[in-house]
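input_34.txt, holding compact mmCIF, C-alpha atoms and all ligand atoms:
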```txt
# COMPACT_ATOMS: atom_id res chain seq x y z
CA MET A 1 1.15 -16.48 14.19
CA ILE A 2 2.12 -14.51 17.31
CA PRO A 3 3.50 -11.26 15.85
CA ILE A 4 6.76 -9.66 17.02
CA SER A 5 4.89 -6.40 17.59
CA SER A 6 1.22 -5.59 17.87
CA ILE A 7 -0.81 -2.42 18.27
CA ALA A 8 -4.44 -1.90 19.13
CA PHE A 9 -5.89 1.53 19.70
CA GLY A 10 -8.55 1.74 22.39
CA GLU A 11 -11.69 3.79 22.50
CA ASP A 12 -9.73 6.51 24.29
CA VAL A 13 -7.57 6.96 21.18
CA GLU A 14 -10.62 6.89 18.90
CA GLN A 15 -12.23 9.63 21.02
CA GLU A 16 -9.10 11.77 21.05
CA VAL A 17 -8.67 11.50 17.26
CA LEU A 18 -12.36 12.28 16.70
CA ASP A 19 -12.07 15.27 19.00
CA THR A 20 -9.13 16.54 16.94
CA LEU A 21 -10.96 16.01 13.64
CA ARG A 22 -13.98 17.90 14.92
CA SER A 23 -11.85 20.72 16.32
CA GLY A 24 -10.69 21.59 12.82
CA VAL A 25 -7.08 21.91 14.04
CA VAL A 26 -5.35 18.92 12.42
CA ALA A 27 -1.81 20.25 11.89
CA GLN A 28 0.44 21.31 14.81
CA GLY A 29 -1.70 22.78 17.57
CA PRO A 30 -2.73 22.37 21.22
CA LYS A 31 -2.52 18.56 21.27
CA VAL A 32 1.11 18.70 20.20
CA ASP A 33 1.73 21.19 23.03
CA ARG A 34 0.11 18.82 25.51
CA PHE A 35 2.03 15.84 24.19
CA GLU A 36 5.29 17.78 24.58
CA ASP A 37 4.50 18.72 28.18
CA GLU A 38 3.49 15.20 29.17
CA PHE A 39 6.43 13.60 27.41
CA ALA A 40 8.87 16.02 29.05
CA ALA A 41 7.45 14.86 32.40
CA LEU A 42 7.94 11.18 31.49
CA VAL A 43 11.60 11.77 30.61
CA GLY A 44 12.19 14.24 33.43
CA VAL A 45 13.40 17.21 31.38
CA ARG A 46 12.45 20.88 31.03
CA ASN A 47 11.74 20.77 27.29
CA ALA A 48 10.35 18.37 24.71
CA VAL A 49 10.04 19.38 21.04
CA ALA A 50 7.78 17.19 18.89
CA VAL A 51 8.83 16.44 15.32
CA ASN A 52 7.50 14.32 12.46
CA ASN A 53 9.67 11.23 13.01
CA GLY A 54 12.62 9.86 14.99
CA THR A 55 15.08 10.42 12.17
CA ALA A 56 14.13 14.12 12.10
CA ALA A 57 14.66 14.20 15.88
CA LEU A 58 18.24 12.93 15.44
CA SER A 59 18.88 15.22 12.46
CA GLY A 60 17.52 18.25 14.32
CA ALA A 61 19.53 17.49 17.49
CA LEU A 62 22.75 17.22 15.48
CA GLN A 63 21.98 20.35 13.46
CA VAL A 64 21.64 22.63 16.48
CA LEU A 65 25.14 21.56 17.54
CA ASP A 66 26.57 23.44 14.50
CA LEU A 67 28.88 20.67 13.37
CA GLN A 68 31.56 21.60 10.83
CA PRO A 69 32.85 19.47 7.95
CA GLY A 70 35.29 16.93 9.38
CA ASP A 71 33.66 16.87 12.82
CA GLU A 72 33.07 13.32 13.98
CA VAL A 73 30.10 11.74 15.71
CA LEU A 74 31.02 8.58 17.61
CA THR A 75 28.19 6.07 17.84
CA SER A 76 27.15 2.41 18.00
CA PRO A 77 27.41 0.21 14.91
CA PHE A 78 24.56 -1.96 16.21
CA THR A 79 21.57 0.25 15.45
CA PHE A 80 18.92 1.11 12.92
CA VAL A 81 20.21 2.95 9.86
CA ALA A 82 18.48 6.19 10.88
CA THR A 83 21.24 6.83 13.43
CA LEU A 84 23.86 6.83 10.67
CA ASN A 85 21.71 8.64 8.10
CA SER A 86 21.11 11.52 10.50
CA ILE A 87 24.86 11.94 11.12
CA LEU A 88 25.53 12.09 7.39
CA ASP A 89 22.53 14.40 6.90
CA ALA A 90 24.08 16.82 9.42
CA GLY A 91 27.25 16.94 7.30
CA ALA A 92 29.35 15.18 9.94
CA THR A 93 31.60 12.12 9.76
CA ALA A 94 30.46 8.90 11.42
CA ARG A 95 32.78 6.74 13.49
CA PHE A 96 31.91 3.62 15.45
CA ALA A 97 32.93 2.07 18.76
CA ASP A 98 32.05 -1.53 19.57
CA ILE A 99 29.24 -2.77 21.81
CA THR A 100 29.12 -5.24 24.71
CA GLU A 101 27.20 -8.52 24.54
CA ALA A 102 25.85 -7.80 28.00
CA ASP A 103 23.63 -4.87 27.01
CA PHE A 104 24.04 -4.53 23.20
CA ASN A 105 25.09 -0.91 23.75
CA LEU A 106 28.33 1.08 23.44
CA ASP A 107 31.29 -0.43 25.27
CA PRO A 108 32.74 2.49 27.28
CA ALA A 109 36.32 1.12 27.07
CA VAL A 110 36.31 0.87 23.26
CA THR A 111 34.47 4.19 23.05
CA ALA A 112 37.28 5.87 25.03
CA GLU A 113 39.87 4.45 22.62
CA ARG A 114 38.07 5.73 19.54
CA ILE A 115 37.71 9.36 20.58
CA THR A 116 39.90 11.55 18.33
CA ASP A 117 40.70 15.28 18.13
CA ARG A 118 37.84 15.55 15.67
CA THR A 119 35.18 13.88 17.83
CA LYS A 120 32.51 16.43 18.74
CA VAL A 121 29.50 14.32 19.63
CA LEU A 122 29.01 11.06 21.50
CA LEU A 123 25.80 9.39 20.31
CA PRO A 124 24.87 6.36 22.42
CA VAL A 125 21.91 4.28 21.26
CA HIS A 126 19.72 2.82 24.02
CA LEU A 127 18.91 -0.37 22.16
CA TYR A 128 15.97 -2.71 22.82
CA GLY A 129 14.66 -0.57 25.70
CA GLN A 130 17.70 -0.44 27.98
CA THR A 131 20.08 2.52 28.31
CA ALA A 132 23.77 2.41 27.59
CA ASP A 133 26.18 2.59 30.55
CA MET A 134 25.72 6.31 31.16
CA ALA A 135 27.78 6.28 34.39
CA SER A 136 30.83 5.53 32.23
CA LEU A 137 29.90 7.39 29.05
CA MET A 138 28.95 10.78 30.56
CA PRO A 139 32.30 11.37 32.35
CA LEU A 140 34.05 10.37 29.12
CA ALA A 141 32.05 12.96 27.17
CA ASP A 142 32.74 15.60 29.85
CA ARG A 143 36.47 14.89 29.86
CA HIS A 144 36.72 15.36 26.09
CA GLY A 145 34.23 18.24 25.82
CA LEU A 146 31.80 16.23 23.70
CA SER A 147 28.11 16.97 23.24
CA VAL A 148 25.88 13.98 23.95
CA VAL A 149 22.95 13.06 21.71
CA GLU A 150 21.02 9.98 22.82
CA ASP A 151 19.18 7.79 20.34
CA ALA A 152 16.39 6.78 22.71
CA SER A 153 14.03 5.72 19.90
CA GLN A 154 13.52 2.34 21.61
CA ALA A 155 13.75 3.48 25.23
CA HIS A 156 10.75 5.64 26.19
CA GLY A 157 10.71 5.77 29.98
CA ALA A 158 13.84 3.65 30.52
CA THR A 159 16.10 4.90 33.31
CA PHE A 160 19.71 4.80 34.43
CA ASP A 161 20.30 5.54 38.13
CA GLY A 162 16.73 6.84 38.22
CA ARG A 163 17.31 9.34 35.39
CA GLY A 164 15.29 9.05 32.21
CA ALA A 165 16.78 7.98 28.90
CA GLY A 166 16.96 11.19 26.89
CA SER A 167 17.72 13.39 29.93
CA PHE A 168 21.53 13.06 29.90
CA GLY A 169 22.22 14.90 26.65
CA ILE A 170 19.83 15.81 23.86
CA GLY A 171 17.34 12.91 23.74
CA CYS A 172 15.82 11.67 20.49
CA PHE A 173 12.71 9.48 20.44
CA SER A 174 10.65 7.81 17.72
CA PHE A 175 6.92 7.08 17.76
CA TYR A 176 6.95 4.87 14.68
CA ALA A 177 4.20 2.21 14.56
CA THR A 178 6.30 -0.57 16.15
CA LYS A 179 7.78 1.44 19.07
CA ASN A 180 6.61 1.20 22.68
CA LEU A 181 4.63 4.43 22.18
CA THR A 182 3.35 5.33 18.74
CA SER A 183 1.79 8.19 16.81
CA ALA A 184 2.02 6.15 13.54
CA GLU A 185 5.00 8.33 12.57
CA GLY A 186 6.46 10.84 14.99
CA GLY A 187 9.44 11.90 17.03
CA MET A 188 10.49 13.97 20.05
CA ILE A 189 13.63 15.83 21.09
CA THR A 190 14.19 16.29 24.84
CA THR A 191 16.59 18.68 26.53
CA ASP A 192 17.12 20.63 29.73
CA ASP A 193 18.83 23.36 27.67
CA ASP A 194 16.31 26.12 26.92
CA THR A 195 18.48 27.62 24.17
CA PHE A 196 18.66 24.32 22.27
CA ALA A 197 14.91 23.84 22.70
CA ASP A 198 14.24 27.31 21.34
CA ARG A 199 16.48 26.72 18.31
CA LEU A 200 14.87 23.34 17.68
CA ARG A 201 11.39 24.90 17.65
CA VAL A 202 12.54 27.44 15.07
CA LEU A 203 14.43 24.80 13.04
CA ARG A 204 11.40 22.49 12.78
CA ASN A 205 9.25 25.33 11.44
CA GLN A 206 11.25 26.44 8.37
CA GLY A 207 13.64 28.50 10.51
CA MET A 208 10.75 30.85 11.20
CA ARG A 209 9.91 32.46 14.55
CA GLU A 210 7.36 35.06 13.49
CA ARG A 211 5.56 34.49 10.21
CA TYR A 212 7.91 35.18 7.27
CA SER A 213 10.73 36.23 9.56
CA TYR A 214 13.49 33.66 9.11
CA GLU A 215 16.31 33.17 11.57
CA MET A 216 18.05 30.16 10.06
CA ALA A 217 17.77 27.74 7.18
CA GLY A 218 15.15 25.33 8.48
CA HIS A 219 12.94 22.37 7.73
CA ASN A 220 9.37 21.24 8.01
CA TYR A 221 9.81 18.78 10.87
CA ARG A 222 6.40 19.51 12.44
CA MET A 223 4.20 16.89 14.11
CA THR A 224 0.43 17.12 13.63
CA ASP A 225 -2.33 17.22 16.25
CA LEU A 226 -3.73 14.06 14.63
CA GLN A 227 -0.48 12.25 15.43
CA ALA A 228 -0.38 13.68 18.96
CA SER A 229 -3.94 12.49 19.57
CA LEU A 230 -2.89 8.92 18.79
CA ALA A 231 -0.09 9.09 21.34
CA LEU A 232 -1.61 11.10 24.20
CA PRO A 233 -3.96 8.39 25.54
CA GLN A 234 -1.16 5.80 25.30
CA LEU A 235 1.01 8.01 27.48
CA ALA A 236 -1.61 7.84 30.22
CA SER A 237 -1.52 4.03 30.31
CA TYR A 238 2.18 3.67 29.53
CA PRO A 239 3.27 2.56 33.04
CA GLU A 240 0.89 -0.44 32.79
CA GLN A 241 2.19 -1.22 29.29
CA VAL A 242 5.75 -1.29 30.58
CA THR A 243 4.74 -3.47 33.53
CA ALA A 244 3.18 -5.96 31.09
CA ARG A 245 6.36 -6.02 29.00
CA CYS A 246 8.47 -6.57 32.14
CA CYS A 247 6.22 -9.46 33.27
CA ASN A 248 6.51 -11.07 29.85
CA ALA A 249 10.29 -10.64 29.90
CA GLU A 250 10.53 -12.23 33.36
CA ALA A 251 8.40 -15.18 32.24
CA LEU A 252 10.56 -15.68 29.14
CA GLN A 253 13.72 -15.51 31.27
CA ALA A 254 12.38 -18.07 33.73
CA GLY A 255 11.10 -20.37 31.00
CA LEU A 256 14.27 -20.33 28.90
CA LYS A 257 17.10 -19.99 31.41
CA ASP A 258 18.28 -23.61 31.19
CA VAL A 259 18.24 -23.89 27.38
CA ALA A 260 21.73 -24.87 26.22
CA GLY A 261 23.22 -22.62 23.53
CA LEU A 262 21.02 -19.61 24.32
CA ARG A 263 22.08 -16.42 26.00
CA LEU A 264 19.16 -14.44 27.41
CA PRO A 265 18.94 -10.65 27.69
CA SER A 266 19.28 -9.23 31.19
CA VAL A 267 18.58 -6.07 33.11
CA MET A 268 21.90 -4.43 34.01
CA PRO A 269 22.51 -2.87 37.46
CA SER A 270 21.11 0.67 37.93
CA ARG A 271 18.83 0.34 34.92
CA GLU A 272 15.09 0.08 34.35
CA HIS A 273 14.44 -1.77 31.10
CA VAL A 274 11.28 -1.03 29.08
CA TRP A 275 11.65 -4.20 26.97
CA HIS A 276 11.12 -2.85 23.47
CA GLN A 277 12.66 -6.14 22.33
CA PHE A 278 13.57 -9.41 24.03
CA THR A 279 16.65 -10.52 22.13
CA LEU A 280 18.25 -13.94 22.30
CA LEU A 281 21.86 -14.61 21.37
CA LEU A 282 22.82 -18.02 20.05
CA ASP A 283 26.18 -19.27 21.31
CA ASP A 284 28.72 -20.34 18.70
CA ASP A 285 28.30 -23.95 19.88
CA ALA A 286 24.48 -23.84 19.88
CA PRO A 287 22.83 -26.90 18.28
CA ILE A 288 21.25 -24.76 15.54
CA ASP A 289 21.99 -21.36 14.03
CA ARG A 290 19.91 -18.21 14.26
CA ASP A 291 18.17 -18.54 10.91
CA THR A 292 17.18 -22.14 11.67
CA LEU A 293 15.75 -21.04 15.01
CA ALA A 294 13.72 -18.30 13.27
CA ALA A 295 12.39 -20.80 10.72
CA ARG A 296 11.47 -23.36 13.41
CA LEU A 297 9.68 -20.68 15.46
CA ALA A 298 7.67 -19.65 12.39
CA GLU A 299 6.64 -23.30 11.90
CA ARG A 300 5.42 -23.25 15.51
CA GLY A 301 3.40 -20.05 15.06
CA VAL A 302 5.86 -17.67 16.71
CA GLY A 303 7.04 -14.55 14.90
CA SER A 304 10.57 -13.25 15.43
CA GLY A 305 12.79 -10.49 14.09
CA ILE A 306 16.45 -9.82 13.39
CA TYR A 307 17.46 -6.39 14.71
CA TYR A 308 19.93 -5.95 13.07
CA PRO A 309 21.42 -8.40 10.57
CA LYS A 310 24.71 -6.52 10.07
CA ALA A 311 26.75 -3.70 11.56
CA VAL A 312 25.15 -0.52 10.23
CA TYR A 313 28.23 0.57 8.23
CA ASP A 314 28.56 -2.85 6.55
CA TYR A 315 26.75 -1.98 3.31
CA GLU A 316 28.32 -0.89 0.05
CA CYS A 317 26.72 2.57 0.17
CA PHE A 318 28.39 3.25 3.53
CA ARG A 319 31.63 1.33 3.00
CA GLU A 320 32.27 3.63 0.04
CA HIS A 321 31.01 6.76 1.76
CA PRO A 322 33.73 9.39 2.28
CA ARG A 323 32.30 10.39 5.67
CA VAL A 324 32.02 6.92 7.19
CA VAL A 325 35.17 5.79 9.03
CA LEU A 326 35.60 2.02 8.80
CA GLU A 327 37.09 0.29 11.83
CA ASP A 328 36.43 -3.21 13.08
CA THR A 329 33.69 -3.79 15.63
CA PRO A 330 34.00 -7.55 16.17
CA VAL A 331 31.40 -7.83 18.93
CA ALA A 332 28.73 -6.01 16.89
CA THR A 333 29.54 -8.14 13.84
CA SER A 334 29.27 -11.33 15.85
CA VAL A 335 26.09 -10.29 17.68
CA ALA A 336 24.42 -9.30 14.38
CA ALA A 337 24.95 -12.86 13.12
CA ARG A 338 23.62 -14.50 16.31
CA CYS A 339 20.70 -12.31 17.53
CA LEU A 340 17.01 -13.07 17.33
CA SER A 341 14.22 -11.08 18.95
CA ILE A 342 11.07 -12.88 20.09
CA PRO A 343 7.72 -11.30 21.06
CA VAL A 344 7.59 -9.49 24.43
CA HIS A 345 4.94 -6.86 23.64
CA ALA A 346 2.20 -5.83 26.05
CA ARG A 347 -0.61 -7.55 24.16
CA LEU A 348 0.69 -11.09 24.68
CA SER A 349 -1.55 -13.35 26.77
CA GLU A 350 -0.11 -15.71 29.38
CA SER A 351 -0.82 -18.67 27.12
CA GLU A 352 0.95 -16.98 24.22
CA VAL A 353 4.01 -16.45 26.42
CA ASP A 354 3.86 -20.17 27.30
CA GLN A 355 3.57 -21.00 23.60
CA ILE A 356 6.65 -18.89 22.81
CA ILE A 357 8.64 -20.62 25.57
CA ALA A 358 7.56 -24.08 24.40
CA ALA A 359 8.38 -23.23 20.77
CA VAL A 360 11.88 -21.98 21.59
CA ARG A 361 12.62 -25.00 23.82
CA ASP A 362 11.37 -27.40 21.18
CA ALA A 363 13.27 -25.65 18.37
CA MET A 364 16.49 -25.75 20.41
CA GLY A 365 16.04 -29.40 21.30
CA ALA A 366 15.66 -28.67 25.03
CA ARG A 367 13.48 -30.98 27.13
CA ALA A 368 9.86 -29.85 27.36
C1 LIG B 401 13.00 3.68 14.98
C2 LIG B 401 14.40 4.11 15.18
C3 LIG B 401 14.89 5.31 14.65
C4 LIG B 401 14.16 6.17 13.65
O1 LIG B 401 12.90 6.54 13.92
P1 LIG B 401 11.83 6.84 12.76
O2 LIG B 401 10.71 7.41 13.55
O3 LIG B 401 11.50 5.57 12.08
O4 LIG B 401 12.43 7.85 11.84
C5 LIG B 401 16.19 5.69 14.95
N1 LIG B 401 16.98 4.92 15.72
C6 LIG B 401 16.56 3.75 16.24
C7 LIG B 401 17.49 2.96 17.10
C8 LIG B 401 15.26 3.29 15.97
O5 LIG B 401 14.86 2.12 16.48
```
Transcribe the structure of this file into structure tokens.
Ligand SMILES: *Cc1c(COP(=O)(O)O)cnc(C)c1O
Amino acid sequence: MIPISSIAFGEDVEQEVLDTLRSGVVAQGPKVDRFEDEFAALVGVRNAVAVNNGTAALSGALQVLDLQPGDEVLTSPFTFVATLNSILDAGATARFADITEADFNLDPAVTAERITDRTKVLLPVHLYGQTADMASLMPLADRHGLSVVEDASQAHGATFDGRGAGSFGIGCFSFYATKNLTSAEGGMITTDDDTFADRLRVLRNQGMRERYSYEMAGHNYRMTDLQASLALPQLASYPEQVTARCCNAEALQAGLKDVAGLRLPSVMPSREHVWHQFTLLLDDDAPIDRDTLAARLAERGVGSGIYYPKAVYDYECFREHPRVVLEDTPVATSVAARCLSIPVHARLSESEVDQIIAAVRDAMGARA
């Protein structure tokens, strides 16, 4: 079976981890510092603060904004649950604007309509490796005095108008095992604001600047040098990894463009896509539905994934939550029922890409 994601650590990672083990510094230390510096350079920001996972990155970013009860965070309903959990964790109220089918990200027109007097933060999610429409969203945030927190967990190195995902507001990244860059578990917060960065460093370390001198109620959000040593060598070869993903995406686009009933993902103007996922949408009049396609691909040795099967608020625990505002998001609801991601990762061989194309064509009843 061709898996939807695949990791293999090279000898460079083995060496770096061994070096860390032998150094005796396994918790946060010099490798985390180096990872922060190099990641800040990738994103194009002054500061990067490493944390223990992407959810902690989002939680930390929202916490330094000092949200008050009743303050609203406006975000995408088509995301991983961590986006919503971090809003609730920060004590804020979550509200949702719809997405567009074109990029699976916040629709700026609907977003504008859903801003209220209580909205304090705009939280776009850069899903599947492509940024939201930041040329429309940033002026909207400015006009309404909103802070911007970006969930860039899937968009390491993606750009909009040449600017890195995570450099527009406070950027939040994940290095979970399936992401484009991984430290097994890990996260990063990026910002040009030195004051936020300083507060985030104190927040992640129990609110402590000097030992046993506490400045705020904090957390243990620290990353370890062992985690950083998994990620550092990957950072060095990341441009080649992204190029491989882009080549795979182009081959899939070329091989599937004439298949009736399928809508293929595309790169929007002004954006560089890092292809965390390659996500198909089945048209309403497609010959088969999404679940049938997934089953037929599995029979043909091709793994796939549904990211995500429902709008994030559409679960009993959130529908009944006093701090989740329920409003319709028809595009997200429809897309969640029709989306299927197929492998695009950097470890695919050319023949595997051909096998994926043939399997999708066959499953959809397209000519070979
Ligand atoms: C992975 C992911 C997160 C959470 O990251 P963790 O490191 O798993 O905590 C948040 N948002 C999105 C969109 C993600 O894909």
Quick one: residues within 8 Å of ligand LIG 401 (chain B), with only C-alpha atoms and all ligand atoms, as a ChimeraX atom specification?
/A:52-58,79-83,125-127,151-154,173-176,179,185-187
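Each of A:Val45, A:Met208, A:Ala295, A:Ala249 was checked against Ala363 in chain A using all atoms listed in the file; the smallest atom-to-atom distance is that of A:Ala295.
If you measure from each of A:Ala155, A:Leu123, A:Ile356, A:Leu181 to Ala8 in chain A using all atoms listed in the file, the closest one turns out to be A:Leu181.
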Quick one: of A:Lys31, A:Arg347, A:Arg114, A:Arg199, who's nearest to Leu62 in chain A, counting all atoms listed in the file?
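That would be A:Arg199, the residue with the smallest distance to Leu62 in chain A.
We find CA of Tyr221 in chain A and CA of Phe160 in chain A to be spaced 29.1 Å apart.
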Selected residue of minimal separation from Gln130 in chain A among A:Met1, A:Ala231, A:Leu106, A:Ala177, counting only C-alpha atoms
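Result for the nearest residue to Gln130 in chain A: A:Leu106.
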What is the distance between CA of Ala158 in chain A and CA of Met138 in chain A, in Å to one decimal?
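These atoms are spaced 16.7 Å apart.
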For Ser23 in chain A, list every protein, DNA or RNA residue within 12 Å, evaluated using only C-alpha atoms, and leave out those in the same chain fewer than 5 positions away; present the list as a PDB file with C-alpha atoms, keeping the file's coordinate frame.
```pdb
ATOM      1  CA  GLU A  16      -9.100  11.770  21.050  1.00  0.00           C
ATOM      2  CA  VAL A  17      -8.670  11.500  17.260  1.00  0.00           C
ATOM      3  CA  LEU A  18     -12.360  12.280  16.700  1.00  0.00           C
ATOM      4  CA  GLY A  29      -1.700  22.780  17.570  1.00  0.00           C
ATOM      5  CA  PRO A  30      -2.730  22.370  21.220  1.00  0.00           C
ATOM      6  CA  LYS A  31      -2.520  18.560  21.270  1.00  0.00           C
ATOM      7  CA  ASP A 225      -2.330  17.220  16.250  1.00  0.00           C
ATOM      8  CA  LEU A 226      -3.730  14.060  14.630  1.00  0.00           C
ATOM      9  CA  SER A 229      -3.940  12.490  19.570  1.00  0.00           C
TER      10      SER A 229
END
```
Please report the interatomic distance between CA of Ile170 in chain A and CA of Asp314 in chain A in Å with one decimal.
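If I compute the distance from CA of Ile170 in chain A to CA of Asp314 in chain A, I get 26.9 Å.
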